[in-house]
Amino acid sequence: MNILSIETSADETSVAFLVAKETKKSTTFLVRAHETSSQVALHATYGGIFPNLAKREHAQALIPLLTLVLKKSKIYKEFKNPKAVNKKKLEKILEREHSLKETLPTFLEKITPPKIDLITVTTGPGLEPALWVGINFAQALSFAWGVPVYGVNHMEGHIASSFSSGKKTFTLPHIQFPVLSLLISGGHTELVLVTDIGKYKILGQTRDDAVGEAFDKVARTLSLPYPGGPEISRLALQAREKNTPQLYTLPRPMIGTKDFDFSFSGLKTAVLYTVRDKKIKTETDKEALAREFENACTEVLIAKTRKALQKYAISTLVIGGGVSANRYLQTQFNIDAKKNKYKILWPGKGLTGDNALMIALAGFLRYTRNKKPRPLKANGNLEY
Ligand code: KG4
Ligand code: ZN
């Protein structure tokens, strides 16, 4: 099965083309091309994602990315004589996408329909204006090429990112359900019980800020650029390498509570107060504070996750989302897994952040198991 996948939920525009080969025993994927264009540098000036700017950037990036993906996959072919497409219908689909309405019909007239069996696209959660661009783009391709479109939940995508090794060819691992999933990103922090593909139950989630959001806000407090996660992580590493004494103590919010919820807003405020009270003077002070913040987040995430694994007697943990790129968190989780005898599936190389490959995997898994498709409508707060 040939899958074209599109992701535009936040500040990355991503397009992938992959081939899935199913036998009775296993499923192997061949990633022919996977291209992501990041808007991070643009949003850095605002210290966060600006929805309408994100929408505009997605609209500009999609055709060049699709062209690149089709060319790299060797399925890009131009018509000798442009074929008339139903422009009226395409323009209707692209009604609200002004820049795509100008460019996409002409593009579709120019190229021969590639052999694609399924188009997958993120429908939520995320920023609705950004999601709509991807959905309308996918629907236009679907109409012009006569290929079905399947809506995918972004968080389901993050779970599926751990099913790929990140290599060009990979075989779907055999997953012994139930598994526990810890999803940590800029918008989410949640523990999800996965009893099967498509069967999810949120055991706990953040009551305020997501952990990635807290990294971003703390970075801003320390006058560091967006996104803050990698910046904080870099400073914290400095403190560890220099073995700086512990200069600050931050809270570990909700670490001992009976539920599986999280809270990172108080932790963020505690950093703000420390900075406001001018306890931060030197670079070494900043590094020590970053390390204490990273320690606090990691300890809370590990403690709650371990408790959930024990309560539900689960031995496989799937971690996903942008924050799972954090090296310190990875090391500490791996130590805990060894000690407490559970297995961790990490996202494949290059798949911690938002990407179209994870959307293709999640879509494929649901599609081939005849699960109901998500409605093709942007939903900022889409649930499982
Ligand atoms: O999953 P993602 O790419 O987008 C969302 O769906 O939110 O996650 C982005 C988040 C940002 O908050 C970013 O600061 C955080 O992931 N992040 C990190 C690291 N790399 C990215 N947080 C901590 N440590 C990192 N190394
Ligand atoms: Zn994400």
# chains A, B, ... in the order shown; residues from 1 in each chain; ligands from 1

call {"tool": "residues_around", "arguments": {"residues": "range 237-254 of chain A", "least_positions_apart": "2", "cutoff": "10 Å", "atoms": "only C-alpha atoms", "output": "ChimeraX atom specification"}}
result
/A:231-235,256-271,274,279-280,283-301,303-304,327-328

call {"tool": "residues_around", "arguments": {"residues": "range 97-104 of chain A", "least_positions_apart": "5", "cutoff": "10 Å", "atoms": "only C-alpha atoms", "output": "PyMOL selection string"}}
result
chain A and resi 55-56+58-60+62-63+87+90-92+109-110+129+132-133+136-137+140-141

call {"tool": "closest_residue", "arguments": {"among": "A:Thr36, A:Thr169, A:Thr28, A:Asn81", "to": "ligand 1", "atoms": "only C-alpha atoms and all ligand atoms"}}
result
A:Thr36

call {"tool": "closest_atom_pairs", "arguments": {"of": "chain A", "to": "ligand 2", "cutoff": "8 Å", "atoms": "only C-alpha atoms and all ligand atoms", "output": "tab-separated table"}}
result
residue	atom	partner	partner_atom_place_in_ligand_line	distance
A:Ser9	CA	ligand 2	1 (Zn)	7.7
A:Ala10	CA	ligand 2	1 (Zn)	7.5
A:His154	CA	ligand 2	1 (Zn)	6.5
A:Met155	CA	ligand 2	1 (Zn)	6.8
A:His158	CA	ligand 2	1 (Zn)	6.6
A:Ser185	CA	ligand 2	1 (Zn)	5.8
A:Gly186	CA	ligand 2	1 (Zn)	7.1
A:Gly187	CA	ligand 2	1 (Zn)	7.4
A:Gly321	CA	ligand 2	1 (Zn)	5.4
A:Gly322	CA	ligand 2	1 (Zn)	6.3
A:Gly353	CA	ligand 2	1 (Zn)	6.0
A:Asp354	CA	ligand 2	1 (Zn)	4.7

call {"tool": "closest_residue", "arguments": {"among": "A:Ile49, A:Ile175, A:Leu4, A:Leu180", "to": "Trp145 in chain A", "atoms": "only C-alpha atoms"}}
result
A:Leu4

call {"tool": "closest_residue", "arguments": {"among": "A:Ala214, A:Ala236, A:Ile314, A:Ala308", "to": "Ile202 in chain A", "atoms": "only C-alpha atoms"}}
result
A:Ala308

call {"tool": "residues_around", "arguments": {"residues": "Tyr367 in chain A", "least_positions_apart": "4", "cutoff": "12 Å", "atoms": "only C-alpha atoms", "output": "list in words"}}
result
Met1, Ile3, Asp117, Leu118, Ile119, Thr120, Pro148, Val149, Tyr150, Gly151, Val152, Ile197, Gly198, Ile359, Ala360, Leu361, Ala362, Gly363, Lys371, Lys372, Pro373 and Arg374 of chain A

call {"tool": "select_by_dssp", "arguments": {"residues": "range 26-208 of chain A", "states": "strand (DSSP E)", "output": "number ranges by chain"}}
result
A: 27-38, 118-124, 149-153, 169-171, 179-184, 189-196, 199-205

call {"tool": "closest_residue", "arguments": {"among": "A:Ile319, A:Ala160, A:Val85, A:Leu131", "to": "Ala54 in chain A", "atoms": "only C-alpha atoms"}}
result
A:Leu131

call {"tool": "select_by_dssp", "arguments": {"residues": "range 53-290 of chain A", "states": "alpha helix (DSSP H)", "output": "PyMOL selection string"}}
result
chain A and resi 53-72+87-93+98-110+128-145+154-160+211-221+228-242+265-276+283-290

call {"tool": "atom_distance", "arguments": {"atom1": "CA of Pro227 in chain A", "atom2": "atom 14 (O, counted along the ligand's line) of ligand 1"}}
result
4.3 Å

call {"tool": "residues_around", "arguments": {"residues": "Leu182 in chain A", "least_positions_apart": "5", "cutoff": "8 Å", "atoms": "only C-alpha atoms", "output": "list in words"}}
result
Thr189, Glu190, Leu191, Val192, Thr305, Leu317, Val318, Ile319 and Gly320 of chain A

call {"tool": "residues_around", "arguments": {"residues": "Ser164 in chain A", "least_positions_apart": "2", "cutoff": "9 Å", "atoms": "only C-alpha atoms", "output": "PyMOL selection string"}}
result
chain A and resi 29+160-162+166-167+169-173+346-349+351+357-358+361

call {"tool": "closest_residue", "arguments": {"among": "A:Ala325, A:Leu309, A:Ala84, A:Leu376", "to": "ligand 1", "atoms": "only C-alpha atoms and all ligand atoms"}}
result
A:Ala325

call {"tool": "closest_residue", "arguments": {"among": "A:Leu183, A:Lys25, A:Ala219, A:Ala337", "to": "Val323 in chain A", "atoms": "only C-alpha atoms"}}
result
A:Leu183

call {"tool": "atom_distance", "arguments": {"atom1": "CA of Lys83 in chain A", "atom2": "CA of Asn2 in chain A"}}
result
23.3 Å

call {"tool": "decode", "arguments": {"residues": "range 133-152 of chain A", "atoms": "N, CA, C and O atoms", "output": "PDB file, in the first residue's frame"}}
result
ATOM      1  N   VAL A 133      -5.271  23.904   6.791  1.00  0.00           N
ATOM      2  CA  VAL A 133      -4.475  23.958   5.555  1.00  0.00           C
ATOM      3  C   VAL A 133      -4.143  22.551   5.086  1.00  0.00           C
ATOM      4  O   VAL A 133      -4.327  22.205   3.914  1.00  0.00           O
ATOM      5  N   GLY A 134      -3.661  21.730   6.034  1.00  0.00           N
ATOM      6  CA  GLY A 134      -3.295  20.356   5.689  1.00  0.00           C
ATOM      7  C   GLY A 134      -4.498  19.554   5.225  1.00  0.00           C
ATOM      8  O   GLY A 134      -4.430  18.813   4.236  1.00  0.00           O
ATOM      9  N   ILE A 135      -5.635  19.722   5.917  1.00  0.00           N
ATOM     10  CA  ILE A 135      -6.844  18.963   5.567  1.00  0.00           C
ATOM     11  C   ILE A 135      -7.350  19.354   4.176  1.00  0.00           C
ATOM     12  O   ILE A 135      -7.639  18.492   3.342  1.00  0.00           O
ATOM     13  N   ASN A 136      -7.431  20.655   3.913  1.00  0.00           N
ATOM     14  CA  ASN A 136      -7.923  21.101   2.606  1.00  0.00           C
ATOM     15  C   ASN A 136      -6.976  20.692   1.482  1.00  0.00           C
ATOM     16  O   ASN A 136      -7.417  20.321   0.393  1.00  0.00           O
ATOM     17  N   PHE A 137      -5.685  20.753   1.761  1.00  0.00           N
ATOM     18  CA  PHE A 137      -4.671  20.321   0.790  1.00  0.00           C
ATOM     19  C   PHE A 137      -4.878  18.835   0.475  1.00  0.00           C
ATOM     20  O   PHE A 137      -4.947  18.430  -0.687  1.00  0.00           O
ATOM     21  N   ALA A 138      -5.033  18.037   1.524  1.00  0.00           N
ATOM     22  CA  ALA A 138      -5.221  16.590   1.350  1.00  0.00           C
ATOM     23  C   ALA A 138      -6.507  16.312   0.572  1.00  0.00           C
ATOM     24  O   ALA A 138      -6.548  15.437  -0.303  1.00  0.00           O
ATOM     25  N   GLN A 139      -7.555  17.064   0.887  1.00  0.00           N
ATOM     26  CA  GLN A 139      -8.835  16.835   0.197  1.00  0.00           C
ATOM     27  C   GLN A 139      -8.749  17.199  -1.284  1.00  0.00           C
ATOM     28  O   GLN A 139      -9.353  16.531  -2.120  1.00  0.00           O
ATOM     29  N   ALA A 140      -7.979  18.232  -1.595  1.00  0.00           N
ATOM     30  CA  ALA A 140      -7.805  18.622  -2.997  1.00  0.00           C
ATOM     31  C   ALA A 140      -7.051  17.525  -3.757  1.00  0.00           C
ATOM     32  O   ALA A 140      -7.448  17.148  -4.863  1.00  0.00           O
ATOM     33  N   LEU A 141      -5.995  16.989  -3.143  1.00  0.00           N
ATOM     34  CA  LEU A 141      -5.244  15.905  -3.785  1.00  0.00           C
ATOM     35  C   LEU A 141      -6.137  14.683  -3.956  1.00  0.00           C
ATOM     36  O   LEU A 141      -6.130  14.012  -4.992  1.00  0.00           O
ATOM     37  N   SER A 142      -6.898  14.408  -2.912  1.00  0.00           N
ATOM     38  CA  SER A 142      -7.789  13.257  -2.923  1.00  0.00           C
ATOM     39  C   SER A 142      -8.778  13.351  -4.088  1.00  0.00           C
ATOM     40  O   SER A 142      -9.008  12.387  -4.828  1.00  0.00           O
ATOM     41  N   PHE A 143      -9.340  14.536  -4.273  1.00  0.00           N
ATOM     42  CA  PHE A 143     -10.308  14.743  -5.351  1.00  0.00           C
ATOM     43  C   PHE A 143      -9.638  14.616  -6.722  1.00  0.00           C
ATOM     44  O   PHE A 143     -10.118  13.907  -7.604  1.00  0.00           O
ATOM     45  N   ALA A 144      -8.482  15.281  -6.876  1.00  0.00           N
ATOM     46  CA  ALA A 144      -7.812  15.284  -8.182  1.00  0.00           C
ATOM     47  C   ALA A 144      -7.293  13.902  -8.564  1.00  0.00           C
ATOM     48  O   ALA A 144      -7.266  13.550  -9.729  1.00  0.00           O
ATOM     49  N   TRP A 145      -6.857  13.128  -7.587  1.00  0.00           N
ATOM     50  CA  TRP A 145      -6.238  11.834  -7.865  1.00  0.00           C
ATOM     51  C   TRP A 145      -7.142  10.628  -7.598  1.00  0.00           C
ATOM     52  O   TRP A 145      -6.735   9.483  -7.833  1.00  0.00           O
ATOM     53  N   GLY A 146      -8.306  10.892  -7.018  1.00  0.00           N
ATOM     54  CA  GLY A 146      -9.232   9.794  -6.712  1.00  0.00           C
ATOM     55  C   GLY A 146      -8.695   8.824  -5.668  1.00  0.00           C
ATOM     56  O   GLY A 146      -8.786   7.614  -5.819  1.00  0.00           O
ATOM     57  N   VAL A 147      -8.115   9.391  -4.610  1.00  0.00           N
ATOM     58  CA  VAL A 147      -7.522   8.568  -3.536  1.00  0.00           C
ATOM     59  C   VAL A 147      -8.242   8.886  -2.222  1.00  0.00           C
ATOM     60  O   VAL A 147      -8.516  10.057  -1.957  1.00  0.00           O
ATOM     61  N   PRO A 148      -8.546   7.884  -1.392  1.00  0.00           N
ATOM     62  CA  PRO A 148      -9.218   8.207  -0.120  1.00  0.00           C
ATOM     63  C   PRO A 148      -8.301   8.952   0.855  1.00  0.00           C
ATOM     64  O   PRO A 148      -7.096   8.748   0.851  1.00  0.00           O
ATOM     65  N   VAL A 149      -8.906   9.817   1.667  1.00  0.00           N
ATOM     66  CA  VAL A 149      -8.149  10.526   2.719  1.00  0.00           C
ATOM     67  C   VAL A 149      -8.598   9.995   4.067  1.00  0.00           C
ATOM     68  O   VAL A 149      -9.795   9.789   4.293  1.00  0.00           O
ATOM     69  N   TYR A 150      -7.663   9.832   4.959  1.00  0.00           N
ATOM     70  CA  TYR A 150      -7.960   9.317   6.290  1.00  0.00           C
ATOM     71  C   TYR A 150      -7.456  10.314   7.333  1.00  0.00           C
ATOM     72  O   TYR A 150      -6.269  10.663   7.348  1.00  0.00           O
ATOM     73  N   GLY A 151      -8.341  10.812   8.162  1.00  0.00           N
ATOM     74  CA  GLY A 151      -7.966  11.767   9.207  1.00  0.00           C
ATOM     75  C   GLY A 151      -7.303  11.057  10.378  1.00  0.00           C
ATOM     76  O   GLY A 151      -7.718   9.976  10.774  1.00  0.00           O
ATOM     77  N   VAL A 152      -6.254  11.666  10.918  1.00  0.00           N
ATOM     78  CA  VAL A 152      -5.479  11.021  11.992  1.00  0.00           C
ATOM     79  C   VAL A 152      -5.349  11.956  13.189  1.00  0.00           C
ATOM     80  O   VAL A 152      -5.164  13.165  13.039  1.00  0.00           O
TER      81      VAL A 152
END
